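Participant: The structure that follows is given in the form of structure tokens.
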Amino acid sequence: GRFFKKVIVHEIAQVTSWNVKEDVKHLILNAETRLNAYLKFHLGLNSSLMMPGNYARCLFDKNNEVHILSLLPQERREVLREILVRFRFLRKIYRSSWPMKEFANEIPRYKEEAVAMGKLLIKHFEYVQWPNYLHKIIEHPQEIIQQADGPQTLGALSGEGLEGGNK
């Protein structure tokens, strides 16, 4: 959720390049404040009071998509909408405890949807760094899910799982 929020904030601030010569921190902070105020007014979400996972679920819910995208410049809305649709498809599979049982007929489509989403991110949002978790859900899940002796779910590879392994 944090990754997509960062993309949305940068789009609102219109800071969409690595080659920025001026200090843009104030633009990004203003855009984040604007996003939070807008979400609080229109959706009743208060980001400072919510757990990150709950906030992300609310933020990227299909019913809230119109509100989120209305803050972006017109020419960027459709691309982000397509990415969010693909992300929701991927998310329901990689968050499942038993994806091979629950989504057996959708597993073959996972890889092509993931690659298409990755290509859209690279083409239109090249300025945002990908977190390790996003790389995992795009690049490796189909192999992990279909592994006979593996975890067969990506929950084991989540950020929390990695953090638990470090302790």
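Ordered as shown in the structure tokens, chains take letters A, B, and onward, while each chain numbers its residues from 1 and ligands are numbered from 1 in the order shown.
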How would you write, as a compact mmCIF listing (two decimals) with N, CA, C and O atoms, in the first residue's frame, the set of residues in range 7-106 of chain A that DSSP gives as alpha helix (DSSP H)?
Facilitator:
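The resulting file, part_37.txt, is shown below:
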# COMPACT_ATOMS: atom_id res chain seq x y z
N VAL A 7 3.27 6.66 -5.13
CA VAL A 7 3.02 6.98 -6.54
C VAL A 7 1.94 8.06 -6.65
O VAL A 7 2.11 9.05 -7.37
N ILE A 8 0.85 7.88 -5.92
CA ILE A 8 -0.25 8.84 -5.98
C ILE A 8 0.20 10.22 -5.49
O ILE A 8 -0.10 11.24 -6.11
N VAL A 9 0.94 10.26 -4.41
CA VAL A 9 1.42 11.54 -3.87
C VAL A 9 2.34 12.23 -4.87
O VAL A 9 2.23 13.43 -5.10
N HIS A 10 3.25 11.47 -5.48
CA HIS A 10 4.15 12.07 -6.47
C HIS A 10 3.37 12.57 -7.69
O HIS A 10 3.72 13.60 -8.27
N GLU A 11 2.34 11.85 -8.07
CA GLU A 11 1.52 12.29 -9.20
C GLU A 11 0.75 13.57 -8.86
O GLU A 11 0.64 14.46 -9.68
N ILE A 12 0.21 13.65 -7.66
CA ILE A 12 -0.50 14.86 -7.23
C ILE A 12 0.46 16.05 -7.21
O ILE A 12 0.13 17.14 -7.66
N ALA A 13 1.66 15.81 -6.70
CA ALA A 13 2.67 16.87 -6.62
C ALA A 13 3.28 17.17 -7.98
O ALA A 13 3.97 18.16 -8.15
N LYS A 25 10.72 18.57 -1.75
CA LYS A 25 10.17 17.97 -0.54
C LYS A 25 8.88 18.66 -0.11
O LYS A 25 7.92 18.01 0.28
N HIS A 26 8.86 19.99 -0.19
CA HIS A 26 7.65 20.72 0.21
C HIS A 26 6.47 20.40 -0.71
O HIS A 26 5.33 20.34 -0.26
N LEU A 27 6.73 20.17 -2.00
CA LEU A 27 5.66 19.80 -2.92
C LEU A 27 5.06 18.44 -2.55
O LEU A 27 3.85 18.24 -2.57
N ILE A 28 5.95 17.51 -2.21
CA ILE A 28 5.49 16.16 -1.84
C ILE A 28 4.73 16.19 -0.52
O ILE A 28 3.67 15.56 -0.39
N LEU A 29 5.23 16.93 0.45
CA LEU A 29 4.52 17.05 1.73
C LEU A 29 3.16 17.71 1.56
O LEU A 29 2.17 17.28 2.17
N ASN A 30 3.08 18.75 0.74
CA ASN A 30 1.80 19.41 0.47
C ASN A 30 0.83 18.46 -0.24
O ASN A 30 -0.36 18.44 0.08
N ALA A 31 1.35 17.67 -1.18
CA ALA A 31 0.50 16.72 -1.88
C ALA A 31 -0.02 15.64 -0.93
O ALA A 31 -1.19 15.24 -1.01
N GLU A 32 0.82 15.17 -0.02
CA GLU A 32 0.39 14.16 0.94
C GLU A 32 -0.66 14.73 1.90
O GLU A 32 -1.64 14.07 2.21
N THR A 33 -0.45 15.95 2.33
CA THR A 33 -1.43 16.62 3.19
C THR A 33 -2.76 16.77 2.45
O THR A 33 -3.83 16.53 3.02
N ARG A 34 -2.68 17.17 1.20
CA ARG A 34 -3.89 17.33 0.38
C ARG A 34 -4.62 16.00 0.21
O ARG A 34 -5.84 15.93 0.33
N LEU A 35 -3.86 14.93 -0.07
CA LEU A 35 -4.46 13.60 -0.22
C LEU A 35 -5.13 13.17 1.08
O LEU A 35 -6.28 12.71 1.06
N ASN A 36 -4.44 13.33 2.20
CA ASN A 36 -5.02 12.92 3.49
C ASN A 36 -6.28 13.71 3.82
O ASN A 36 -7.27 13.14 4.30
N ALA A 37 -6.28 15.01 3.58
CA ALA A 37 -7.45 15.84 3.85
C ALA A 37 -8.61 15.44 2.94
O ALA A 37 -9.77 15.35 3.38
N TYR A 38 -8.31 15.18 1.68
CA TYR A 38 -9.34 14.78 0.72
C TYR A 38 -9.96 13.44 1.12
O TYR A 38 -11.18 13.28 1.12
N LEU A 39 -9.11 12.49 1.50
CA LEU A 39 -9.61 11.17 1.89
C LEU A 39 -10.42 11.23 3.18
O LEU A 39 -11.42 10.53 3.33
N LYS A 40 -9.99 12.08 4.09
CA LYS A 40 -10.73 12.23 5.34
C LYS A 40 -12.10 12.83 5.08
O LYS A 40 -13.11 12.39 5.64
N PHE A 41 -12.17 13.81 4.19
CA PHE A 41 -13.44 14.48 3.90
C PHE A 41 -14.38 13.58 3.09
O PHE A 41 -15.55 13.46 3.41
N HIS A 42 -13.86 12.95 2.03
CA HIS A 42 -14.72 12.19 1.12
C HIS A 42 -14.95 10.75 1.53
O HIS A 42 -16.00 10.18 1.24
N LEU A 43 -13.98 10.12 2.17
CA LEU A 43 -14.09 8.70 2.51
C LEU A 43 -14.11 8.43 4.00
O LEU A 43 -14.31 7.30 4.43
N PRO A 52 -1.38 0.51 8.74
CA PRO A 52 -1.04 0.62 7.32
C PRO A 52 -1.80 -0.35 6.42
O PRO A 52 -2.25 0.01 5.34
N GLY A 53 -1.97 -1.58 6.85
CA GLY A 53 -2.68 -2.57 6.03
C GLY A 53 -4.14 -2.22 5.84
O GLY A 53 -4.68 -2.30 4.74
N ASN A 54 -4.80 -1.79 6.92
CA ASN A 54 -6.20 -1.40 6.82
C ASN A 54 -6.35 -0.16 5.95
O ASN A 54 -7.29 -0.05 5.17
N TYR A 55 -5.43 0.77 6.09
CA TYR A 55 -5.47 1.99 5.29
C TYR A 55 -5.32 1.65 3.82
O TYR A 55 -6.05 2.15 2.98
N ALA A 56 -4.38 0.76 3.50
CA ALA A 56 -4.16 0.37 2.11
C ALA A 56 -5.39 -0.33 1.54
O ALA A 56 -5.77 -0.09 0.40
N ARG A 57 -6.01 -1.20 2.33
CA ARG A 57 -7.22 -1.89 1.84
C ARG A 57 -8.31 -0.89 1.51
O ARG A 57 -8.97 -0.99 0.48
N CYS A 58 -8.50 0.09 2.37
CA CYS A 58 -9.52 1.12 2.11
C CYS A 58 -9.12 1.99 0.93
O CYS A 58 -9.94 2.33 0.09
N LEU A 59 -7.86 2.34 0.89
CA LEU A 59 -7.38 3.24 -0.15
C LEU A 59 -7.53 2.65 -1.54
O LEU A 59 -7.90 3.34 -2.48
N GLU A 65 -11.86 3.94 -5.86
CA GLU A 65 -10.97 4.24 -6.97
C GLU A 65 -11.26 5.61 -7.61
O GLU A 65 -10.35 6.37 -7.89
N VAL A 66 -12.52 5.92 -7.81
CA VAL A 66 -12.91 7.19 -8.44
C VAL A 66 -12.40 8.37 -7.62
O VAL A 66 -11.89 9.34 -8.18
N HIS A 67 -12.54 8.28 -6.30
CA HIS A 67 -12.09 9.38 -5.43
C HIS A 67 -10.58 9.56 -5.49
O HIS A 67 -10.09 10.68 -5.56
N ILE A 68 -9.86 8.46 -5.48
CA ILE A 68 -8.40 8.52 -5.49
C ILE A 68 -7.91 9.11 -6.81
O ILE A 68 -7.07 10.00 -6.84
N LEU A 69 -8.45 8.60 -7.90
CA LEU A 69 -7.96 9.01 -9.22
C LEU A 69 -8.37 10.43 -9.58
O LEU A 69 -7.74 11.05 -10.43
N GLN A 74 -5.48 14.44 -15.41
CA GLN A 74 -6.35 13.66 -16.30
C GLN A 74 -5.61 12.62 -17.13
O GLN A 74 -6.04 11.49 -17.25
N GLU A 75 -4.46 12.99 -17.67
CA GLU A 75 -3.74 12.09 -18.58
C GLU A 75 -3.10 10.91 -17.86
O GLU A 75 -2.71 9.93 -18.49
N ARG A 76 -3.00 10.95 -16.53
CA ARG A 76 -2.37 9.86 -15.77
C ARG A 76 -3.39 8.91 -15.13
O ARG A 76 -3.04 7.85 -14.65
N ARG A 77 -4.65 9.30 -15.11
CA ARG A 77 -5.68 8.52 -14.42
C ARG A 77 -5.87 7.13 -15.00
O ARG A 77 -5.95 6.15 -14.26
N GLU A 78 -6.00 7.04 -16.29
CA GLU A 78 -6.32 5.75 -16.91
C GLU A 78 -5.20 4.74 -16.71
O GLU A 78 -5.46 3.56 -16.49
N VAL A 79 -3.96 5.19 -16.78
CA VAL A 79 -2.83 4.28 -16.58
C VAL A 79 -2.83 3.74 -15.15
O VAL A 79 -2.69 2.53 -14.94
N LEU A 80 -3.02 4.62 -14.18
CA LEU A 80 -3.04 4.15 -12.79
C LEU A 80 -4.26 3.27 -12.52
O LEU A 80 -4.17 2.31 -11.77
N ARG A 81 -5.38 3.56 -13.16
CA ARG A 81 -6.57 2.72 -13.01
C ARG A 81 -6.27 1.31 -13.50
O ARG A 81 -6.61 0.32 -12.84
N GLU A 82 -5.63 1.20 -14.64
CA GLU A 82 -5.29 -0.13 -15.19
C GLU A 82 -4.32 -0.87 -14.27
O GLU A 82 -4.47 -2.07 -14.03
N ILE A 83 -3.37 -0.15 -13.71
CA ILE A 83 -2.42 -0.78 -12.77
C ILE A 83 -3.15 -1.25 -11.52
O ILE A 83 -2.91 -2.36 -11.04
N LEU A 84 -4.06 -0.45 -10.99
CA LEU A 84 -4.79 -0.84 -9.79
C LEU A 84 -5.70 -2.04 -10.02
O LEU A 84 -5.83 -2.90 -9.15
N VAL A 85 -6.31 -2.12 -11.20
CA VAL A 85 -7.14 -3.29 -11.53
C VAL A 85 -6.28 -4.55 -11.54
O VAL A 85 -6.65 -5.58 -10.98
N ARG A 86 -5.12 -4.46 -12.17
CA ARG A 86 -4.22 -5.62 -12.21
C ARG A 86 -3.71 -5.95 -10.81
O ARG A 86 -3.61 -7.12 -10.43
N PHE A 87 -3.40 -4.93 -10.01
CA PHE A 87 -2.91 -5.15 -8.66
C PHE A 87 -3.95 -5.87 -7.81
O PHE A 87 -3.64 -6.78 -7.05
N ARG A 88 -5.21 -5.46 -7.93
CA ARG A 88 -6.27 -6.13 -7.16
C ARG A 88 -6.41 -7.59 -7.56
O ARG A 88 -6.63 -8.45 -6.71
N PHE A 89 -6.25 -7.89 -8.85
CA PHE A 89 -6.29 -9.29 -9.29
C PHE A 89 -5.13 -10.08 -8.67
O PHE A 89 -5.33 -11.17 -8.13
N LEU A 90 -3.93 -9.52 -8.73
CA LEU A 90 -2.76 -10.19 -8.16
C LEU A 90 -2.90 -10.35 -6.66
O LEU A 90 -2.58 -11.40 -6.10
N ARG A 91 -3.40 -9.32 -6.00
CA ARG A 91 -3.49 -9.32 -4.55
C ARG A 91 -4.38 -10.42 -4.02
O ARG A 91 -4.07 -11.08 -3.04
N LYS A 92 -5.52 -10.64 -4.68
CA LYS A 92 -6.43 -11.67 -4.17
C LYS A 92 -5.77 -13.05 -4.24
O LYS A 92 -6.05 -13.90 -3.41
N ILE A 93 -4.87 -13.24 -5.18
CA ILE A 93 -4.19 -14.54 -5.29
C ILE A 93 -3.02 -14.62 -4.32
O ILE A 93 -2.89 -15.58 -3.58
N TYR A 94 -2.17 -13.61 -4.30
CA TYR A 94 -0.98 -13.74 -3.45
C TYR A 94 -1.29 -13.62 -1.97
O TYR A 94 -0.52 -14.07 -1.13
N PRO A 99 -3.85 -20.58 -2.68
CA PRO A 99 -4.20 -20.09 -4.02
C PRO A 99 -4.45 -21.20 -5.04
O PRO A 99 -5.30 -21.04 -5.92
N MET A 100 -3.74 -22.31 -4.94
CA MET A 100 -3.93 -23.39 -5.91
C MET A 100 -5.33 -24.01 -5.78
O MET A 100 -5.89 -24.47 -6.76
N LYS A 101 -5.89 -23.99 -4.59
CA LYS A 101 -7.24 -24.52 -4.41
C LYS A 101 -8.30 -23.48 -4.72
O LYS A 101 -9.30 -23.77 -5.36
N GLU A 102 -8.08 -22.26 -4.25
CA GLU A 102 -9.09 -21.21 -4.38
C GLU A 102 -9.14 -20.59 -5.78
O GLU A 102 -10.20 -20.18 -6.23
Participant: Name all residues at most 9 Å from Val128 in chain A (count only C-alpha atoms; drop same-chain ones fewer than 4 positions away) and give them as a list in words.
Facilitator: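 Selected residues are Phe3, Lys6, Val7, His10, Thr16, Ser17, Trp18, Leu121 and Ile122 of chain A.
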Participant: For each of A:Glu139, A:Val24, A:Tyr133, A:Asn105, take the minimum atom-to-atom distance to Lys119 in chain A, counting only C-alpha atoms, then give the residue where this is smallest.
Facilitator: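 Checking each of A:Glu139, A:Val24, A:Tyr133, A:Asn105 against Lys119 in chain A, counting only C-alpha atoms, the winner is A:Glu139.
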